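Structure file entry-v4.txt (compact mmCIF, C-alpha atoms) follows.
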# COMPACT_ATOMS: atom_id res chain seq x y z
CA MET C 1 104.63 99.23 156.80
CA ASN C 2 107.90 100.91 157.59
CA LEU C 3 109.15 101.89 154.18
CA GLN C 4 112.19 103.71 155.39
CA ALA C 5 113.52 100.52 156.91
CA THR C 6 113.33 98.60 153.64
CA ASN C 7 113.97 101.50 151.26
CA PRO C 8 116.29 104.02 152.78
CA VAL C 9 116.61 106.04 149.57
CA PRO C 10 113.09 106.95 148.44
CA ASP C 11 114.09 108.06 144.95
CA SER C 12 115.53 104.62 144.32
CA LEU C 13 112.05 103.26 145.00
CA LEU C 14 110.72 105.34 142.15
CA LEU C 15 113.55 104.23 139.88
CA GLN C 16 112.93 100.60 140.74
CA ALA C 17 109.21 100.98 140.11
CA ARG C 18 109.96 102.61 136.77
CA ALA C 19 112.22 99.67 135.90
CA GLY C 20 109.27 97.32 136.41
CA ASN C 21 109.79 96.28 140.02
CA ARG C 22 106.26 95.56 141.23
CA GLN C 23 107.26 95.44 144.88
CA ALA C 24 108.68 98.94 144.60
CA PHE C 25 105.48 100.11 142.95
CA ALA C 26 103.45 98.50 145.76
CA ALA C 27 105.58 100.36 148.30
CA LEU C 28 104.89 103.64 146.52
CA VAL C 29 101.18 102.85 146.56
CA ARG C 30 101.26 102.15 150.31
CA GLN C 31 102.95 105.50 150.89
CA HIS C 32 100.28 107.47 149.06
CA GLN C 33 97.10 105.40 149.20
CA GLY C 34 95.74 107.10 152.33
CA SER C 35 95.99 110.53 150.77
CA VAL C 36 94.47 109.48 147.44
CA PHE C 37 91.71 107.44 149.10
CA SER C 38 90.86 110.35 151.43
CA VAL C 39 90.54 112.77 148.52
CA GLY C 40 88.21 110.27 146.83
CA LEU C 41 86.18 109.63 149.98
CA ARG C 42 85.67 113.28 150.84
CA MET C 43 84.93 114.22 147.25
CA LEU C 44 82.60 111.34 146.40
CA SER C 45 81.18 110.65 149.89
CA ARG C 46 81.20 106.89 149.34
CA ARG C 47 83.81 104.36 150.37
CA ASP C 48 83.26 102.06 147.38
CA ALA C 49 83.50 104.95 144.91
CA ALA C 50 86.56 106.28 146.74
CA GLU C 51 88.30 102.90 146.43
CA ASP C 52 87.41 102.68 142.74
CA LEU C 53 88.79 106.16 142.22
CA ALA C 54 91.99 105.39 144.10
CA GLN C 55 92.47 102.22 142.04
CA ASP C 56 91.93 104.18 138.85
CA VAL C 57 94.45 106.82 139.92
CA PHE C 58 97.14 104.22 140.73
CA LEU C 59 96.50 102.28 137.52
CA GLN C 60 97.01 105.51 135.61
CA LEU C 61 100.17 106.09 137.61
CA TYR C 62 101.46 102.64 136.65
CA ARG C 63 101.06 103.51 132.98
CA LYS C 64 102.59 106.97 133.42
CA LEU C 65 105.52 106.10 135.70
CA ASP C 66 107.89 107.05 132.94
CA SER C 67 106.80 110.67 133.19
CA ILE C 68 107.24 110.95 136.97
CA GLU C 69 110.48 112.75 137.68
CA SER C 70 110.74 112.69 141.47
CA LEU C 71 108.85 111.75 144.61
CA GLU C 72 107.73 115.36 144.96
CA HIS C 73 106.40 115.26 141.43
CA LEU C 74 104.71 111.96 142.26
CA GLY C 75 102.80 113.53 145.16
CA PHE C 76 101.72 116.47 143.02
CA TRP C 77 100.69 114.16 140.18
CA LEU C 78 98.60 111.93 142.46
CA ARG C 79 96.79 114.87 144.09
CA ARG C 80 96.16 116.46 140.71
CA VAL C 81 94.79 113.29 139.08
CA ALA C 82 92.72 112.26 142.12
CA ALA C 83 91.07 115.67 142.52
CA ASN C 84 90.36 116.14 138.82
CA LEU C 85 89.10 112.59 138.40
CA ALA C 86 86.76 113.05 141.35
CA ILE C 87 85.42 116.32 139.90
CA ASP C 88 84.92 114.55 136.59
CA TRP C 89 83.07 111.64 138.24
CA LEU C 90 80.85 114.07 140.14
CA ARG C 91 79.97 115.76 136.86
CA ARG C 92 79.04 112.48 135.23
CA LEU C 93 77.52 110.59 138.14
CA PRO C 94 74.58 112.15 139.92
CA TYR C 95 74.89 110.16 143.10
CA SER C 96 76.89 112.41 145.34
CA ALA C 97 77.26 115.91 143.94
CA THR C 98 75.64 117.46 146.98
CA GLN C 99 75.14 114.37 149.09
CA PRO C 100 76.69 114.37 152.54
CA LEU C 101 78.79 111.43 153.61
CA GLU C 102 76.83 108.25 153.97
CA GLU C 103 76.63 106.81 157.43
CA GLY C 104 79.12 104.05 156.77
CA ALA C 105 81.63 106.48 155.40
CA GLU C 106 82.69 107.95 158.69
CA VAL C 107 85.96 109.66 158.08
CA ALA C 108 86.45 111.86 161.10
CA VAL C 109 89.94 111.36 162.43
CA GLN C 110 90.34 109.93 165.89
CA ASP C 111 92.43 112.61 167.50
CA PRO C 112 92.70 113.06 171.27
CA ASP C 113 92.87 116.84 170.80
CA SER C 114 89.88 117.08 168.55
CA ASP C 115 86.18 117.29 169.25
CA PRO C 116 84.70 114.30 167.39
CA LEU C 117 81.35 116.00 166.92
CA MET C 118 83.00 119.09 165.47
CA SER C 119 85.21 117.03 163.16
CA ARG C 120 82.30 114.95 161.95
CA GLU C 121 80.19 118.02 161.28
CA LEU C 122 82.98 119.84 159.43
CA THR C 123 83.56 116.79 157.26
CA ARG C 124 79.85 116.47 156.54
CA LEU C 125 79.48 120.15 155.68
CA LEU C 126 82.49 120.01 153.39
CA GLY C 127 80.69 117.28 151.48
CA GLU C 128 77.89 119.73 150.76
CA LEU C 129 80.15 122.17 148.90
CA ALA C 130 80.18 122.17 145.09
CA PRO C 131 82.87 119.93 143.53
CA HIS C 132 85.45 122.59 142.69
CA PRO C 133 85.46 124.43 146.03
CA ARG C 134 85.37 121.05 147.78
CA ALA C 135 88.50 119.97 145.91
CA VAL C 136 90.18 123.28 146.69
CA MET C 137 89.40 122.93 150.41
CA LEU C 138 90.65 119.34 150.47
CA LEU C 139 93.93 120.23 148.81
CA ARG C 140 94.32 123.18 151.17
CA TYR C 141 93.39 121.61 154.50
CA GLN C 142 93.84 117.86 153.98
CA GLU C 143 96.90 117.94 151.75
CA ASP C 144 98.30 121.21 153.12
CA GLN C 145 98.97 122.64 149.67
CA ASP C 146 99.52 126.35 149.13
CA VAL C 147 97.37 128.43 146.82
CA ALA C 148 99.78 128.25 143.87
CA GLU C 149 100.05 124.46 144.11
CA ILE C 150 96.28 124.12 144.23
CA ALA C 151 95.93 126.41 141.22
CA ALA C 152 98.42 124.27 139.28
CA ALA C 153 96.76 121.02 140.31
CA LEU C 154 93.26 122.11 139.37
CA ASP C 155 94.16 124.27 136.37
CA MET C 156 92.53 127.36 137.77
CA PRO C 157 93.74 130.91 138.40
CA VAL C 158 95.26 131.66 141.80
CA ASN C 159 92.59 134.28 142.48
CA THR C 160 89.85 131.74 141.87
CA VAL C 161 91.48 129.42 144.39
CA LYS C 162 91.66 132.23 146.95
CA SER C 163 88.06 133.11 146.29
CA HIS C 164 86.92 129.47 146.69
CA ILE C 165 88.78 129.22 150.01
CA LYS C 166 87.36 132.48 151.35
CA ARG C 167 83.79 131.72 150.34
CA SER C 168 83.95 128.12 151.54
CA LEU C 169 85.33 129.15 154.94
CA THR C 170 82.52 131.69 155.28
CA THR C 171 79.93 129.09 154.29
CA LEU C 172 81.29 126.43 156.63
CA ARG C 173 81.55 128.84 159.55
CA GLY C 174 78.02 130.06 158.90
CA ARG C 175 76.69 126.52 158.95
CA MET C 176 78.64 125.68 162.09
CA ILE C 177 77.09 128.72 163.76
CA GLY C 178 73.70 127.63 162.47
CA ALA C 179 74.24 124.23 164.03
CA LYS C 180 75.32 125.98 167.25
CA LEU C 181 78.67 124.22 167.14
CA ILE C 182 80.51 127.54 167.35
CA ASP C 183 79.68 130.84 168.96
CA CYS C 184 79.12 133.67 166.50
CA GLU C 185 80.02 136.36 169.03
CA GLU C 186 83.52 134.99 169.35
CA LEU C 187 84.21 135.02 165.64
CA THR C 188 86.73 137.53 164.46
CA MET W 1 90.13 120.92 171.00
CA LYS W 2 89.27 124.58 171.26
CA PRO W 3 86.09 125.54 169.46
CA PRO W 4 86.85 127.02 166.05
CA ASN W 5 85.91 130.51 167.12
CA SER W 6 88.47 132.49 165.14
CA ASN W 7 89.79 132.21 161.63
CA GLU W 8 92.90 130.48 162.82
CA HIS W 9 91.12 128.12 165.16
CA PHE W 10 88.52 127.37 162.56
CA GLU W 11 91.18 126.47 160.01
CA ASP W 12 93.01 124.35 162.59
CA GLY W 13 89.78 122.50 163.28
CA LEU W 14 89.35 121.94 159.57
CA ARG W 15 92.87 120.57 159.24
CA ARG W 16 92.27 118.15 162.11
CA ALA W 17 88.94 117.07 160.67
CA LEU W 18 90.42 116.51 157.25
CA ARG W 19 93.50 114.53 158.12
CA PRO W 20 93.96 111.67 155.61
CA VAL W 21 92.34 108.39 156.61
CA ASP W 22 93.67 104.92 155.88
CA ALA W 23 92.70 103.16 152.69
CA PRO W 24 90.63 100.00 153.20
CA ASP W 25 92.47 96.83 154.22
CA GLY W 26 93.91 94.92 151.31
CA PHE W 27 93.74 97.91 148.97
CA THR W 28 97.32 97.52 147.73
CA GLU W 29 96.91 93.78 147.17
CA ARG W 30 93.71 94.29 145.17
CA LEU W 31 95.41 96.99 143.13
CA MET W 32 98.45 94.84 142.42
CA ARG W 33 96.16 92.05 141.19
CA ALA W 34 94.51 94.54 138.82
CA LEU W 35 97.83 95.56 137.28
CA PRO W 36 98.71 94.06 133.90
CA ALA W 37 100.68 90.92 134.76
CA ASP W 38 103.15 90.83 131.92
CA ALA W 39 104.05 94.42 131.20
CA LYS W 40 106.62 96.64 132.73
CA PRO W 41 105.61 100.28 132.85
CA VAL W 42 108.61 101.31 130.82
CA LEU W 43 111.83 99.76 129.60
CA VAL W 44 114.62 101.44 131.48
CA SER W 45 118.19 100.97 130.35
CA SER W 46 120.99 100.25 132.76
CA SER W 47 121.85 103.93 132.60
CA GLY W 48 118.33 104.60 133.77
CA ALA W 49 117.77 107.21 131.07
CA PRO W 50 115.48 105.87 128.36
CA ARG W 51 114.62 109.32 127.06
CA ALA W 52 118.27 110.28 126.70
CA ARG W 53 118.87 107.08 124.76
CA ALA W 54 115.90 107.83 122.57
CA ARG W 55 117.26 111.29 121.90
CA GLN W 56 120.75 109.90 121.25
CA PHE W 57 119.78 107.18 118.80
CA GLY W 58 116.17 107.78 117.89
CA ILE W 59 116.54 110.93 115.79
CA PRO W 60 119.50 109.77 113.64
CA ALA W 61 117.78 106.42 113.15
CA ALA W 62 114.59 108.17 112.06
CA LEU W 63 116.56 110.36 109.64
CA ALA W 64 118.37 107.35 108.20
CA ALA W 65 115.09 105.50 107.77
CA SER W 66 113.53 108.52 106.03
CA LEU W 67 116.53 108.81 103.71
CA LEU W 68 116.33 105.12 102.84
CA VAL W 69 112.62 105.37 102.11
CA ALA W 70 113.21 108.47 99.93
CA VAL W 71 115.95 106.68 97.93
CA MET W 72 113.80 103.57 97.45
CA LEU W 73 110.85 105.68 96.40
CA GLY W 74 112.99 107.66 93.94
CA LYS W 75 114.34 104.45 92.43
CA HIS W 76 110.87 103.02 92.11
CA VAL W 77 109.59 106.17 90.36
CA ALA W 78 112.57 106.15 87.95
CA VAL W 79 111.99 102.49 87.04
CA GLU W 80 108.30 103.16 86.48
CA ARG W 81 109.08 106.12 84.23
CA GLU W 82 111.55 104.05 82.23
CA GLN W 83 109.01 101.28 81.77
CA LEU W 84 106.41 103.78 80.66
CA ALA W 85 108.77 105.36 78.14
CA GLU W 86 109.69 101.91 76.82
CA GLN W 87 106.06 100.96 76.39
CA GLN W 88 105.28 104.24 74.63
CA GLY W 89 108.22 103.64 72.31
CA ARG W 90 106.97 100.17 71.49
CA GLU W 91 103.50 101.48 70.74
CA ALA W 92 104.89 104.25 68.50
CA SER W 93 107.00 101.72 66.62
CA LEU W 94 103.97 99.48 66.04
CA GLU W 95 101.98 102.47 64.83
CA LEU W 96 104.72 103.40 62.39
CA MET W 97 104.94 99.85 61.08
CA ARG W 98 101.19 99.79 60.58
CA ALA W 99 101.30 103.11 58.68
CA LEU W 100 104.18 101.89 56.49
CA ARG W 101 102.32 98.70 55.72
CA LEU W 102 99.22 100.62 54.68
CA THR W 103 101.27 102.98 52.52
CA SER W 104 102.99 100.04 50.89
CA GLU W 105 99.67 98.38 50.12
CA LYS W 106 98.34 101.59 48.54
CA LEU W 107 101.48 101.94 46.44
CA ASP W 108 101.15 98.33 45.27
CA ILE W 109 97.59 98.98 44.16
CA ALA W 110 98.59 102.14 42.32
CA TYR W 111 101.52 100.40 40.64
CA GLN W 112 99.34 97.52 39.48
CA ALA W 113 96.82 99.99 38.10
CA VAL W 114 99.49 101.77 36.08
CA GLN W 115 101.10 98.56 34.77
CA SER W 116 98.00 96.72 33.66
CA PRO W 117 96.93 97.36 29.91
CA PRO W 118 93.66 99.17 29.38
CA PRO W 119 90.67 97.03 28.27
CA ALA W 120 90.10 96.67 24.44
CA GLY W 121 86.73 98.35 24.41
CA ALA W 122 88.19 101.42 25.82
CA GLU W 123 90.34 102.20 22.65
CA GLU W 124 87.37 101.72 20.33
CA ASN W 125 85.17 103.99 22.29
CA ARG W 126 87.84 106.69 22.11
CA SER W 127 88.02 106.61 18.27
Structure rendered as structure tokens:
Amino acid sequence: MNLQATNPVPDSLLLQARAGNRQAFAALVRQHQGSVFSVGLRMLSRRDAAEDLAQDVFLQLYRKLDSIESLEHLGFWLRRVAANLAIDWLRRLPYSATQPLEEGAEVAVQDPDSDPLMSRELTRLLGELAPHPRAVMLLRYQEDQDVAEIAAALDMPVNTVKSHIKRSLTTLRGRMIGAKLIDCEELT
Amino acid sequence: MKPPNSNEHFEDGLRRALRPVDAPDGFTERLMRALPADAKPVLVSSSGAPRARARQFGIPAALAASLLVAVMLGKHVAVEREQLAEQQGREASLELMRALRLTSEKLDIAYQAVQSPPPAGAEENRS
């Protein structure tokens, strides 16, 4: 859906949604659902759980629209709630804490420049990280957030975020080398 | 795609692998059906600033309501005290009347005892 064509001023979309306009709220959902669903999918490793999580996040948003100040704040709020909710679910539900993505949950992006095998393996290995470092890596590399934003979203010190990123990169690279998907001699 | 053989390349590979995917078809429609049908998320005034309005009118209204409650409560306490004092006064008055009546009865008995002549046998016994 081309939102810019129907809603040239994005902030007005938020205002309309806050005023009770359900179509405006639906448009906001369409703008952000991919991001929220992807966080859920890569955290929980199941499509059904990811959809439940995304629904929960947007229902919470609907109730909290009054507190959203801008579209930028909206993006931050959604990432924060999705990641923390997923960590919470992983704590309470045993099904996917260390479980790699199920077969039906293929989430590797179809990109002409990318190696599908490499992408699939990286995604699978990410699913083997513990919940907190997994959330950090998703916010860093899926959502392109900087360290300070990740720290704010996950309520953790900046140094902890840096440490999670460093350790996770080392782990992932090590496993990729183990799977002979990258050459250890070429690593810097 | 180049193999992720350096830090930078590895991180690029990770970014490509972790690009957001689409939500399932019909996600928005299912979500909209799950929303409460009747409620708006928040009542927004035409000025679009519900919090400002709340700040503008909410605090004085709350103060006025508190003042009204305090006045009503004070009045109620005063009336109760007055009623209590009245009741205590009535009880004291009844008590006094009872005491006066008893005193009067005792005086009557004493007066009758003084006024009545002594029995005849009593004089003879004395002599």
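If you measure from each of C:Ala86, C:Ala24, C:Ala17, C:Ala50 to Arg63 in chain C using all atoms listed in the file, the closest one turns out to be C:Ala17.
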Given all atoms listed in the file as the counted atoms, nearest of C:Leu154, C:Ala26, C:Ala82, C:Met43 to chain W =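 Of all the options, C:Ala26 lies closest to chain W.
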Which of C:Leu129, C:Met118, C:Val136, C:Ala54 sits closest to Pro157 in chain C [using all atoms listed in the file] =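 When distances to Pro157 in chain C are compared using all atoms listed in the file, the smallest one comes from C:Val136.
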task = Would you work out the distance separating CA of Arg42 in chain C from CA of Leu18 in chain W, expressed in Å to one decimal?
result =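 Atom-to-atom, CA of Arg42 in chain C to CA of Leu18 in chain W, that is 8.6 Å.
In terms of minimum interatomic distance to chain C, W:Arg30 ranks closest within W:Lys106, W:Arg30, W:Arg101, W:Arg81, counting all atoms listed in the file.
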